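Here the structure comes first, spelled out in structure tokens, and everything after it is commentary.
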Amino acid sequence: MADEQPATGSGQQQDSKQQFAIRKVYLRDVSFEAPAAPAVFTEEWKPEMSVDLDTRATRIGEDTYESILRITVTAKLGDKTAYLCEVEQAGIFIIGGFEDKTRDALLGAYCPAQLFPFAREAVSDVVARGGFPQMLLAPVNFDALYAQQQRKRQQAEQDGDATAAEAGSSDANSSQ
């Protein structure tokens, strides 16, 4: 069929230079603590839950990056920590031929989104093995988190430029 034949033209040549692939997904680190056990198991289970997410990416070779998603879940009963679970889910990604801004967005949002289901499963499994009710993490919009992080970074840079300009003008005034 004509629909199945690849299109030709400059667009195809540009796309053929771009490359994205998941080379490996792995559990980088797992930590679980239940400091109030076994007493915590005798109390009514109405915890205050805290979930923290962190992502980072490191270049490990030409067009090869490690992306790490760290999830920390803390459950507290009053002032006692029932459990603390930390999972670092990582992946090795091949990302080539993209503009810096696009590559940064892939590493900051798309790669962590690919790792999240694996991390979510690891958290659920580790918490259940610790003797606690299963912890099911809600879906996360990594695109929105990345956009928010970029806005904060831009604001910090603008504030830093304003501070530097003020410092420069005060230096100029003091030297006169």
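Simple scheme: letters A, B, ... for chains in structure tokens order, numbers from 1 for residues in each chain, numbers from 1 for ligands in the order shown.
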
Next item on the list: Quick one: everything within 9 Å of stretch 28-37 of chain A, counting only C-alpha atoms, minus sequence neighbours fewer than 6 positions away in the same chain. Send it as a list in words.
Entry: Ile68, Arg70, Lys80, Thr81, Ala82, Tyr83, Leu84, Cys85, Glu86, Val87, Glu88, Gln89, Ala90, Gly91, Ala122, Val123, Val126, Val127 and Gly130 of chain A

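When the distance limit is 12 Å and only C-alpha atoms are what count, the residues near A:Glu66, minus those fewer than 4 positions from it on the same chain, are Ala21, Ile22, Arg23, Lys24, Val25, Tyr26, Arg28, Thr55, Arg56, Ala57, Thr58, Arg59, Ile60, Gly61, Glu62, Glu88, Gln89, Ala90, Gly91, Ile92, Phe93, Ile94, Ile95, Leu106, Leu107, Gly108, Cys111, Pro112 and Leu115 of chain A.
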
Next item on the list: Run DSSP on the backbone and give me the residues of stretch 21-147 of chain A it puts in strand (DSSP E), as number ranges by chain.
Entry: A: 21-33, 48-61, 64-77, 80-96

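Proximity of A:Arg129, A:Lys46, A:Arg153, A:Arg120 to A:Leu77, computed with only C-alpha atoms, is greatest for A:Lys46.
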